[in-house]
file start.cif (mmCIF, N, CA and C atoms)
data_protein
#
loop_
_atom_site.label_atom_id
_atom_site.label_comp_id
_atom_site.auth_asym_id
_atom_site.auth_seq_id
_atom_site.Cartn_x
_atom_site.Cartn_y
_atom_site.Cartn_z
N MET A 541 13.46 43.44 45.67
CA MET A 541 14.58 44.03 44.93
C MET A 541 15.91 43.47 45.42
N GLU A 542 16.00 43.32 46.74
CA GLU A 542 17.27 42.85 47.33
C GLU A 542 17.65 41.46 46.82
N ALA A 543 16.66 40.65 46.48
CA ALA A 543 16.94 39.29 46.01
C ALA A 543 17.59 39.30 44.63
N TYR A 544 17.37 40.35 43.88
CA TYR A 544 17.92 40.43 42.52
C TYR A 544 19.31 41.07 42.48
N LEU A 545 19.76 41.65 43.56
CA LEU A 545 21.04 42.37 43.57
C LEU A 545 22.23 41.52 43.13
N PRO A 546 22.35 40.26 43.55
CA PRO A 546 23.50 39.49 43.07
C PRO A 546 23.52 39.38 41.54
N TYR A 547 22.32 39.27 40.96
CA TYR A 547 22.24 39.16 39.50
C TYR A 547 22.56 40.50 38.82
N ILE A 548 22.18 41.58 39.46
CA ILE A 548 22.51 42.91 38.92
C ILE A 548 24.03 43.10 38.93
N TRP A 549 24.67 42.77 40.06
CA TRP A 549 26.13 42.93 40.12
C TRP A 549 26.82 41.98 39.14
N LEU A 550 26.29 40.78 39.00
CA LEU A 550 26.84 39.84 38.04
C LEU A 550 26.69 40.38 36.61
N GLY A 551 25.55 41.01 36.35
CA GLY A 551 25.33 41.64 35.04
C GLY A 551 26.31 42.77 34.78
N VAL A 552 26.55 43.60 35.80
CA VAL A 552 27.52 44.70 35.67
C VAL A 552 28.91 44.12 35.35
N ILE A 553 29.28 43.07 36.06
CA ILE A 553 30.59 42.44 35.85
C ILE A 553 30.69 41.89 34.43
N ILE A 554 29.67 41.19 33.98
CA ILE A 554 29.72 40.57 32.65
C ILE A 554 29.73 41.63 31.55
N ILE A 555 28.87 42.65 31.66
CA ILE A 555 28.83 43.70 30.64
C ILE A 555 30.16 44.46 30.58
N ALA A 556 30.71 44.80 31.75
CA ALA A 556 31.99 45.51 31.77
C ALA A 556 33.10 44.64 31.20
N ALA A 557 33.07 43.34 31.49
CA ALA A 557 34.10 42.43 30.96
C ALA A 557 33.98 42.30 29.44
N ILE A 558 32.75 42.24 28.94
CA ILE A 558 32.55 42.16 27.49
C ILE A 558 33.03 43.44 26.83
N LEU A 559 32.68 44.58 27.39
CA LEU A 559 33.16 45.86 26.84
C LEU A 559 34.68 45.92 26.85
N GLU A 560 35.27 45.43 27.92
CA GLU A 560 36.74 45.41 28.00
C GLU A 560 37.33 44.55 26.91
N GLY A 561 36.73 43.41 26.69
CA GLY A 561 37.22 42.50 25.65
C GLY A 561 37.09 43.09 24.26
N LEU A 562 36.09 43.93 24.04
CA LEU A 562 35.88 44.53 22.73
C LEU A 562 36.80 45.71 22.46
N THR A 563 37.27 46.38 23.51
CA THR A 563 38.06 47.59 23.30
C THR A 563 39.56 47.38 23.37
N ALA A 564 40.03 46.53 24.24
CA ALA A 564 41.46 46.30 24.46
C ALA A 564 42.20 47.58 24.83
N GLN A 565 41.50 48.53 25.42
CA GLN A 565 42.11 49.78 25.84
C GLN A 565 42.05 49.97 27.36
N LEU A 566 41.64 48.96 28.07
CA LEU A 566 41.49 49.01 29.53
C LEU A 566 40.62 50.20 29.95
N VAL A 567 39.39 50.22 29.45
CA VAL A 567 38.47 51.30 29.80
C VAL A 567 37.41 50.87 30.81
N SER A 568 37.16 49.58 30.94
CA SER A 568 36.10 49.17 31.86
C SER A 568 36.53 48.08 32.84
N ILE A 569 37.78 47.75 32.87
CA ILE A 569 38.26 46.70 33.79
C ILE A 569 38.02 47.09 35.24
N TRP A 570 38.05 48.40 35.52
CA TRP A 570 37.86 48.86 36.89
C TRP A 570 36.42 48.62 37.35
N PHE A 571 35.47 48.68 36.42
CA PHE A 571 34.09 48.39 36.77
C PHE A 571 33.90 46.91 37.09
N VAL A 572 34.67 46.07 36.42
CA VAL A 572 34.63 44.63 36.72
C VAL A 572 35.09 44.41 38.16
N ILE A 573 36.18 45.03 38.53
CA ILE A 573 36.71 44.87 39.89
C ILE A 573 35.75 45.43 40.92
N GLY A 574 35.18 46.61 40.63
CA GLY A 574 34.19 47.20 41.54
C GLY A 574 32.94 46.33 41.65
N GLY A 575 32.53 45.74 40.54
CA GLY A 575 31.37 44.85 40.56
C GLY A 575 31.62 43.61 41.39
N VAL A 576 32.82 43.08 41.30
CA VAL A 576 33.18 41.91 42.12
C VAL A 576 33.14 42.28 43.61
N ALA A 577 33.66 43.46 43.94
CA ALA A 577 33.63 43.89 45.34
C ALA A 577 32.19 44.04 45.83
N ALA A 578 31.33 44.62 44.99
CA ALA A 578 29.93 44.80 45.37
C ALA A 578 29.22 43.45 45.50
N LEU A 579 29.52 42.52 44.61
CA LEU A 579 28.92 41.19 44.67
C LEU A 579 29.34 40.46 45.95
N ILE A 580 30.61 40.56 46.29
CA ILE A 580 31.09 39.94 47.54
C ILE A 580 30.38 40.57 48.75
N ALA A 581 30.23 41.91 48.72
CA ALA A 581 29.53 42.58 49.83
C ALA A 581 28.09 42.09 49.92
N ASN A 582 27.46 41.89 48.75
CA ASN A 582 26.08 41.39 48.74
C ASN A 582 26.00 39.99 49.33
N LEU A 583 26.92 39.13 48.92
CA LEU A 583 26.91 37.75 49.41
C LEU A 583 27.20 37.66 50.91
N LEU A 584 27.87 38.69 51.45
CA LEU A 584 28.14 38.73 52.88
C LEU A 584 27.02 39.41 53.66
N GLY A 585 25.94 39.82 52.94
CA GLY A 585 24.77 40.38 53.61
C GLY A 585 24.78 41.88 53.79
N ALA A 586 25.64 42.60 53.12
CA ALA A 586 25.68 44.06 53.25
C ALA A 586 24.43 44.68 52.64
N PRO A 587 23.95 45.79 53.21
CA PRO A 587 22.79 46.46 52.62
C PRO A 587 23.13 47.06 51.24
N MET A 588 22.09 47.39 50.47
CA MET A 588 22.28 47.88 49.11
C MET A 588 23.13 49.14 49.06
N TRP A 589 22.92 50.07 50.00
CA TRP A 589 23.70 51.30 49.96
C TRP A 589 25.19 51.03 50.16
N LEU A 590 25.53 50.05 51.01
CA LEU A 590 26.93 49.71 51.25
C LEU A 590 27.54 49.00 50.03
N GLN A 591 26.74 48.18 49.37
CA GLN A 591 27.21 47.54 48.14
C GLN A 591 27.55 48.59 47.08
N THR A 592 26.68 49.60 46.98
CA THR A 592 26.92 50.68 46.01
C THR A 592 28.18 51.46 46.38
N VAL A 593 28.37 51.70 47.67
CA VAL A 593 29.58 52.40 48.12
C VAL A 593 30.81 51.56 47.79
N PHE A 594 30.74 50.25 48.03
CA PHE A 594 31.86 49.37 47.69
C PHE A 594 32.15 49.42 46.18
N PHE A 595 31.08 49.35 45.38
CA PHE A 595 31.26 49.39 43.93
C PHE A 595 31.97 50.68 43.50
N ALA A 596 31.43 51.81 43.95
CA ALA A 596 32.00 53.11 43.56
C ALA A 596 33.41 53.30 44.13
N GLY A 597 33.58 52.92 45.39
CA GLY A 597 34.88 53.12 46.05
C GLY A 597 35.97 52.25 45.44
N VAL A 598 35.70 50.97 45.28
CA VAL A 598 36.72 50.07 44.73
C VAL A 598 37.03 50.44 43.28
N THR A 599 36.00 50.78 42.52
CA THR A 599 36.22 51.21 41.13
C THR A 599 37.12 52.44 41.09
N THR A 600 36.81 53.42 41.91
CA THR A 600 37.60 54.66 41.94
C THR A 600 39.03 54.41 42.39
N VAL A 601 39.20 53.66 43.47
CA VAL A 601 40.54 53.39 43.99
C VAL A 601 41.39 52.62 42.98
N THR A 602 40.81 51.60 42.35
CA THR A 602 41.60 50.83 41.37
C THR A 602 41.92 51.68 40.14
N LEU A 603 40.99 52.53 39.75
CA LEU A 603 41.24 53.42 38.62
C LEU A 603 42.40 54.37 38.94
N ILE A 604 42.34 55.01 40.08
CA ILE A 604 43.39 55.97 40.47
C ILE A 604 44.73 55.26 40.66
N ALA A 605 44.70 54.09 41.24
CA ALA A 605 45.96 53.38 41.55
C ALA A 605 46.62 52.78 40.31
N THR A 606 45.83 52.33 39.37
CA THR A 606 46.43 51.60 38.24
C THR A 606 46.47 52.38 36.94
N ARG A 607 45.71 53.42 36.77
CA ARG A 607 45.65 54.14 35.49
C ARG A 607 47.01 54.65 35.03
N PRO A 608 47.82 55.28 35.88
CA PRO A 608 49.14 55.75 35.41
C PRO A 608 50.02 54.59 34.93
N VAL A 609 50.00 53.48 35.64
CA VAL A 609 50.82 52.32 35.25
C VAL A 609 50.32 51.75 33.93
N VAL A 610 49.00 51.60 33.82
CA VAL A 610 48.42 51.07 32.59
C VAL A 610 48.70 52.00 31.43
N GLY A 611 48.63 53.30 31.67
CA GLY A 611 48.92 54.28 30.62
C GLY A 611 50.32 54.12 30.07
N LYS A 612 51.28 53.89 30.94
CA LYS A 612 52.66 53.69 30.50
C LYS A 612 52.82 52.38 29.75
N LEU A 613 52.15 51.33 30.21
CA LEU A 613 52.25 50.03 29.56
C LEU A 613 51.56 50.01 28.20
N MET A 614 50.51 50.79 28.03
CA MET A 614 49.75 50.79 26.79
C MET A 614 50.30 51.77 25.76
N ARG A 615 51.29 52.55 26.12
CA ARG A 615 51.86 53.51 25.18
C ARG A 615 52.94 52.81 24.36
N PHE A 616 52.58 52.50 23.14
CA PHE A 616 53.49 51.77 22.28
C PHE A 616 54.28 52.75 21.42
N LYS A 617 55.54 52.42 21.21
CA LYS A 617 56.39 53.26 20.38
C LYS A 617 55.95 53.12 18.93
N LYS A 618 55.75 54.27 18.30
CA LYS A 618 55.34 54.26 16.91
C LYS A 618 56.55 53.88 16.06
N GLU A 619 56.35 52.88 15.26
CA GLU A 619 57.42 52.37 14.41
C GLU A 619 57.38 53.06 13.06
N ASP A 620 58.52 53.54 12.61
CA ASP A 620 58.59 54.16 11.30
C ASP A 620 58.22 53.17 10.22
N THR A 621 57.63 53.70 9.17
CA THR A 621 57.35 52.87 8.01
C THR A 621 58.64 52.74 7.21
N ASN A 622 58.56 52.09 6.08
CA ASN A 622 59.73 51.92 5.24
C ASN A 622 60.35 53.26 4.86
N THR A 623 59.54 54.27 4.68
CA THR A 623 60.06 55.56 4.23
C THR A 623 60.98 56.18 5.27
N GLY A 624 60.70 55.97 6.56
CA GLY A 624 61.55 56.55 7.60
C GLY A 624 62.97 56.05 7.57
N ARG A 625 63.18 54.88 7.01
CA ARG A 625 64.53 54.31 6.94
C ARG A 625 65.42 55.02 5.92
N TYR A 626 64.81 55.73 5.01
CA TYR A 626 65.60 56.38 3.96
C TYR A 626 66.26 57.68 4.42
N ILE A 627 65.71 58.31 5.43
CA ILE A 627 66.25 59.59 5.89
C ILE A 627 67.66 59.38 6.44
N GLY A 628 68.58 60.20 5.95
CA GLY A 628 69.99 60.10 6.34
C GLY A 628 70.80 59.21 5.41
N GLU A 629 70.14 58.47 4.54
CA GLU A 629 70.84 57.58 3.60
C GLU A 629 71.45 58.39 2.46
N THR A 630 72.36 57.74 1.75
CA THR A 630 72.97 58.33 0.55
C THR A 630 72.34 57.68 -0.67
N GLY A 631 72.00 58.52 -1.65
CA GLY A 631 71.41 58.02 -2.89
C GLY A 631 72.19 58.53 -4.08
N LEU A 632 71.88 57.95 -5.23
CA LEU A 632 72.53 58.32 -6.49
C LEU A 632 71.49 58.96 -7.39
N VAL A 633 71.80 60.15 -7.91
CA VAL A 633 70.89 60.84 -8.83
C VAL A 633 70.94 60.11 -10.17
N ILE A 634 69.77 59.63 -10.62
CA ILE A 634 69.72 58.92 -11.90
C ILE A 634 69.02 59.74 -12.97
N ALA A 635 68.35 60.82 -12.57
CA ALA A 635 67.77 61.78 -13.51
C ALA A 635 67.94 63.15 -12.86
N GLU A 636 68.49 64.10 -13.63
CA GLU A 636 68.80 65.43 -13.10
C GLU A 636 67.66 65.98 -12.25
N ILE A 637 68.03 66.54 -11.08
CA ILE A 637 67.04 67.13 -10.18
C ILE A 637 66.97 68.62 -10.47
N ASN A 638 65.78 69.05 -10.86
CA ASN A 638 65.55 70.46 -11.16
C ASN A 638 64.18 70.81 -10.61
N ASN A 639 64.15 71.52 -9.49
CA ASN A 639 62.89 71.86 -8.84
C ASN A 639 62.00 72.73 -9.71
N THR A 640 62.59 73.63 -10.49
CA THR A 640 61.82 74.52 -11.35
C THR A 640 61.02 73.74 -12.38
N LEU A 641 61.67 72.74 -12.97
CA LEU A 641 61.00 71.91 -13.97
C LEU A 641 60.18 70.78 -13.33
N GLY A 642 60.39 70.54 -12.05
CA GLY A 642 59.67 69.48 -11.36
C GLY A 642 60.13 68.10 -11.77
N VAL A 643 61.43 67.95 -12.03
CA VAL A 643 61.97 66.65 -12.44
C VAL A 643 63.09 66.24 -11.52
N GLY A 644 63.39 64.95 -11.54
CA GLY A 644 64.51 64.43 -10.79
C GLY A 644 64.18 63.10 -10.15
N GLN A 645 65.18 62.21 -10.20
CA GLN A 645 65.02 60.91 -9.58
C GLN A 645 66.31 60.50 -8.89
N VAL A 646 66.13 59.77 -7.79
CA VAL A 646 67.25 59.27 -7.00
C VAL A 646 67.03 57.78 -6.77
N LYS A 647 68.13 57.04 -6.84
CA LYS A 647 68.07 55.62 -6.50
C LYS A 647 68.73 55.45 -5.14
N VAL A 648 67.97 54.85 -4.23
CA VAL A 648 68.47 54.63 -2.88
C VAL A 648 67.94 53.29 -2.39
N ARG A 649 68.83 52.48 -1.85
CA ARG A 649 68.48 51.14 -1.36
C ARG A 649 67.76 50.31 -2.42
N GLY A 650 68.12 50.51 -3.66
CA GLY A 650 67.53 49.73 -4.74
C GLY A 650 66.19 50.24 -5.23
N SER A 651 65.67 51.28 -4.63
CA SER A 651 64.38 51.86 -5.04
C SER A 651 64.61 53.20 -5.74
N ILE A 652 63.76 53.49 -6.70
CA ILE A 652 63.84 54.75 -7.42
C ILE A 652 62.73 55.66 -6.91
N TRP A 653 63.14 56.86 -6.50
CA TRP A 653 62.22 57.85 -5.94
C TRP A 653 62.27 59.13 -6.75
N THR A 654 61.15 59.84 -6.79
CA THR A 654 61.14 61.21 -7.28
C THR A 654 61.85 62.04 -6.22
N ALA A 655 62.63 63.00 -6.68
CA ALA A 655 63.41 63.78 -5.71
C ALA A 655 63.37 65.26 -6.04
N ARG A 656 63.53 66.06 -5.01
CA ARG A 656 63.65 67.51 -5.14
C ARG A 656 64.84 67.95 -4.30
N SER A 657 65.48 69.01 -4.77
CA SER A 657 66.63 69.56 -4.07
C SER A 657 66.15 70.38 -2.88
N GLU A 658 66.83 70.21 -1.76
CA GLU A 658 66.44 70.93 -0.54
C GLU A 658 66.62 72.44 -0.70
N ASP A 659 67.71 72.85 -1.34
CA ASP A 659 68.00 74.28 -1.47
C ASP A 659 67.60 74.84 -2.83
N GLY A 660 66.98 74.03 -3.68
CA GLY A 660 66.53 74.51 -4.98
C GLY A 660 67.58 74.44 -6.08
N SER A 661 68.78 73.98 -5.73
CA SER A 661 69.84 73.90 -6.74
C SER A 661 69.61 72.72 -7.68
N ILE A 662 70.21 72.81 -8.86
CA ILE A 662 70.14 71.71 -9.82
C ILE A 662 71.23 70.71 -9.47
N ILE A 663 70.86 69.44 -9.42
CA ILE A 663 71.82 68.39 -9.09
C ILE A 663 71.90 67.47 -10.30
N GLN A 664 73.10 67.29 -10.78
CA GLN A 664 73.33 66.53 -12.01
C GLN A 664 73.24 65.02 -11.80
N THR A 665 72.94 64.33 -12.90
CA THR A 665 72.91 62.87 -12.90
C THR A 665 74.29 62.34 -12.50
N GLY A 666 74.32 61.30 -11.71
CA GLY A 666 75.56 60.68 -11.27
C GLY A 666 76.09 61.20 -9.95
N GLU A 667 75.52 62.29 -9.43
CA GLU A 667 75.99 62.83 -8.14
C GLU A 667 75.36 62.06 -6.99
N ASN A 668 76.08 62.01 -5.88
CA ASN A 668 75.56 61.41 -4.65
C ASN A 668 74.85 62.48 -3.83
N VAL A 669 73.75 62.09 -3.24
CA VAL A 669 72.97 63.02 -2.42
C VAL A 669 72.61 62.36 -1.10
N ARG A 670 72.33 63.20 -0.12
CA ARG A 670 71.87 62.72 1.18
C ARG A 670 70.39 63.03 1.28
N ILE A 671 69.61 62.04 1.73
CA ILE A 671 68.17 62.22 1.90
C ILE A 671 67.95 62.87 3.26
N ASN A 672 67.38 64.08 3.24
CA ASN A 672 67.17 64.83 4.48
C ASN A 672 65.73 64.71 5.01
N SER A 673 64.78 64.51 4.11
CA SER A 673 63.39 64.36 4.54
C SER A 673 62.58 63.77 3.39
N ILE A 674 61.33 63.51 3.70
CA ILE A 674 60.41 62.98 2.70
C ILE A 674 59.14 63.81 2.80
N GLU A 675 58.68 64.32 1.67
CA GLU A 675 57.43 65.07 1.60
C GLU A 675 56.53 64.36 0.61
N GLY A 676 55.52 63.73 1.13
CA GLY A 676 54.63 62.94 0.27
C GLY A 676 55.39 61.75 -0.28
N VAL A 677 55.55 61.72 -1.61
CA VAL A 677 56.28 60.63 -2.25
C VAL A 677 57.60 61.12 -2.84
N LYS A 678 58.05 62.28 -2.39
CA LYS A 678 59.29 62.85 -2.90
C LYS A 678 60.36 62.91 -1.82
N LEU A 679 61.56 62.51 -2.22
CA LEU A 679 62.71 62.67 -1.33
C LEU A 679 63.20 64.10 -1.44
N ILE A 680 63.52 64.69 -0.31
CA ILE A 680 64.14 66.02 -0.30
C ILE A 680 65.62 65.77 0.00
N VAL A 681 66.47 66.15 -0.97
CA VAL A 681 67.88 65.77 -0.91
C VAL A 681 68.79 66.97 -0.97
N ALA A 682 70.02 66.73 -0.58
CA ALA A 682 71.08 67.75 -0.67
C ALA A 682 72.32 67.06 -1.24
N PRO A 683 73.04 67.76 -2.12
CA PRO A 683 74.23 67.14 -2.69
C PRO A 683 75.30 66.88 -1.63
N ILE A 684 76.05 65.83 -1.83
CA ILE A 684 77.19 65.54 -0.95
C ILE A 684 78.42 66.03 -1.67
N HIS A 685 79.06 67.04 -1.08
CA HIS A 685 80.27 67.60 -1.69
C HIS A 685 81.48 66.86 -1.20
N LYS A 686 82.30 66.43 -2.13
CA LYS A 686 83.49 65.66 -1.77
C LYS A 686 84.69 66.55 -1.65
#
call {"tool": "encode", "arguments": {"input": "start.cif", "output": "structure tokens"}}
result
Amino acid sequence: MEAYLPYIWLGVIIIAAILEGLTAQLVSIWFVIGGVAALIANLLGAPMWLQTVFFAGVTTVTLIATRPVVGKLMRFKKEDTNTGRYIGETGLVIAEINNTLGVGQVKVRGSIWTARSEDGSIIQTGENVRINSIEGVKLIVAPIHK
């Protein structure tokens, strides 16, 4: 059994590296490092129990030491879609907004959107409105009083 240990550790390293390559979430890189430590211990003549201790210990230590840093590096800022850019913009009512009738359109940044009044009031064609939020495919707007 002892003669096969280098191949077992090499197998652990390769499988963990392949899993790491498939996930890109840094879930098994620590096993690769632990496997390398165990393989080195094997090549230096350490008994099997010590190789296992090296594998478990190095894996645990590298996980504890690097996980918080990796977590911060892997946390990407969520980028708003095109719709997020419309919030806070000013638009022009091109079709009367009447929540009761379920009608109304606003033109903003060259795009025409279905719109609803935030407070339920009727907003006439030609008025300027501020986009306060988006619900589904509808802009929720409020009139801009001059």
call {"tool": "closest_residue", "arguments": {"input": "start.cif", "among": "A:Gly575, A:Gly660, A:Pro546, A:Pro587", "to": "Ile680 of chain A", "atoms": "only C-alpha atoms"}}
result
A:Gly660
call {"tool": "closest_residue", "arguments": {"input": "start.cif", "among": "A:Gly551, A:Gly624, A:Gly642, A:Gly561", "to": "Ile674 of chain A", "atoms": "only C-alpha atoms"}}
result
A:Gly624
call {"tool": "resolve_selection", "arguments": {"input": "start.cif", "expression": "the PyMOL selection byres ((chain A and resi 659) around 8)", "output": "PyMOL selection string"}}
result
chain A and resi 656-658+660-662+680-683
call {"tool": "atom_distance", "arguments": {"input": "start.cif", "atom1": "atom CA of Gly597 of chain A", "atom2": "atom CA of Gly611 of chain A"}}
result
20.9 Å
call {"tool": "atom_distance", "arguments": {"input": "start.cif", "atom1": "atom CA of Ala596 of chain A", "atom2": "atom N of Ala577 of chain A"}}
result
9.8 Å
call {"tool": "resolve_selection", "arguments": {"input": "start.cif", "expression": "the PyMOL selection byres ((chain A and resi 571) around 6)", "output": "list of chain:residue names"}}
result
A:Val552, A:Ile553, A:Ala556, A:Ser568, A:Ile569, A:Trp570, A:Val572, A:Ile573, A:Gly574, A:Gly575, A:Val576, A:Thr599
call {"tool": "atom_distance", "arguments": {"input": "start.cif", "atom1": "atom CA of Ala543 of chain A", "atom2": "atom CA of Leu559 of chain A"}}
result
26.0 Å
call {"tool": "closest_residue", "arguments": {"input": "start.cif", "among": "A:Thr602, A:Lys647, A:Val669, A:Thr592", "to": "Glu629 of chain A", "atoms": "all atoms listed in the file"}}
result
A:Val669
call {"tool": "select_by_dssp", "arguments": {"input": "start.cif", "residues": "segment 571-665 of chain A", "states": "strand (DSSP E or B)", "output": "list in words"}}
result
Thr630, Gly631, Leu632, Val633, Ile634, Ala635, Glu636, Ile637, Asn638, Val643, Gly644, Gln645, Val646, Lys647, Val648, Ser651, Ile652, Trp653, Thr654, Ala655, Arg656, Ser657 and Ile663 of chain A
call {"tool": "residues_around", "arguments": {"input": "start.cif", "residues": "Ala635 of chain A", "least_positions_apart": "2", "cutoff": "9 Å", "atoms": "only C-alpha atoms", "output": "list in words"}}
result
Val633, Ile637, Val643, Gly644, Gln645, Val646, Ile663, Gln664, Thr665 and Gly666 of chain A
call {"tool": "residues_near_point", "arguments": {"input": "start.cif", "point": "(42.6, 51.6, 35.4)", "cutoff": "7 Å", "atoms": "all atoms listed in the file", "output": "list in words"}}
result
Leu566, Val567, Ile569, Trp570, Thr602, Leu603, Ile604, Ala605, Thr606, Arg607, Pro608 and Val610 of chain A
call {"tool": "select_by_dssp", "arguments": {"input": "start.cif", "residues": "segment 544-632 of chain A", "states": "helix (DSSP H, G or I)", "output": "VMD selection string"}}
result
chain A and resid 544 to 563 569 to 583 588 to 614 622 to 626
call {"tool": "axis_aligned_box", "arguments": {"input": "start.cif", "around": "segment 556-564 of chain A", "padding_each_side": "4 Å", "output": "lines of an AutoDock Vina configuration file"}}
result
center_x = 36.5
center_y = 44.9
center_z = 27.1
size_x = 19.5
size_y = 13.4
size_z = 17.3
call {"tool": "resolve_selection", "arguments": {"input": "start.cif", "expression": "the PyMOL selection byres ((chain A and resi 649) around 6.5)", "output": "ChimeraX atom specification"}}
result
/A:630-631,647-648,650-651
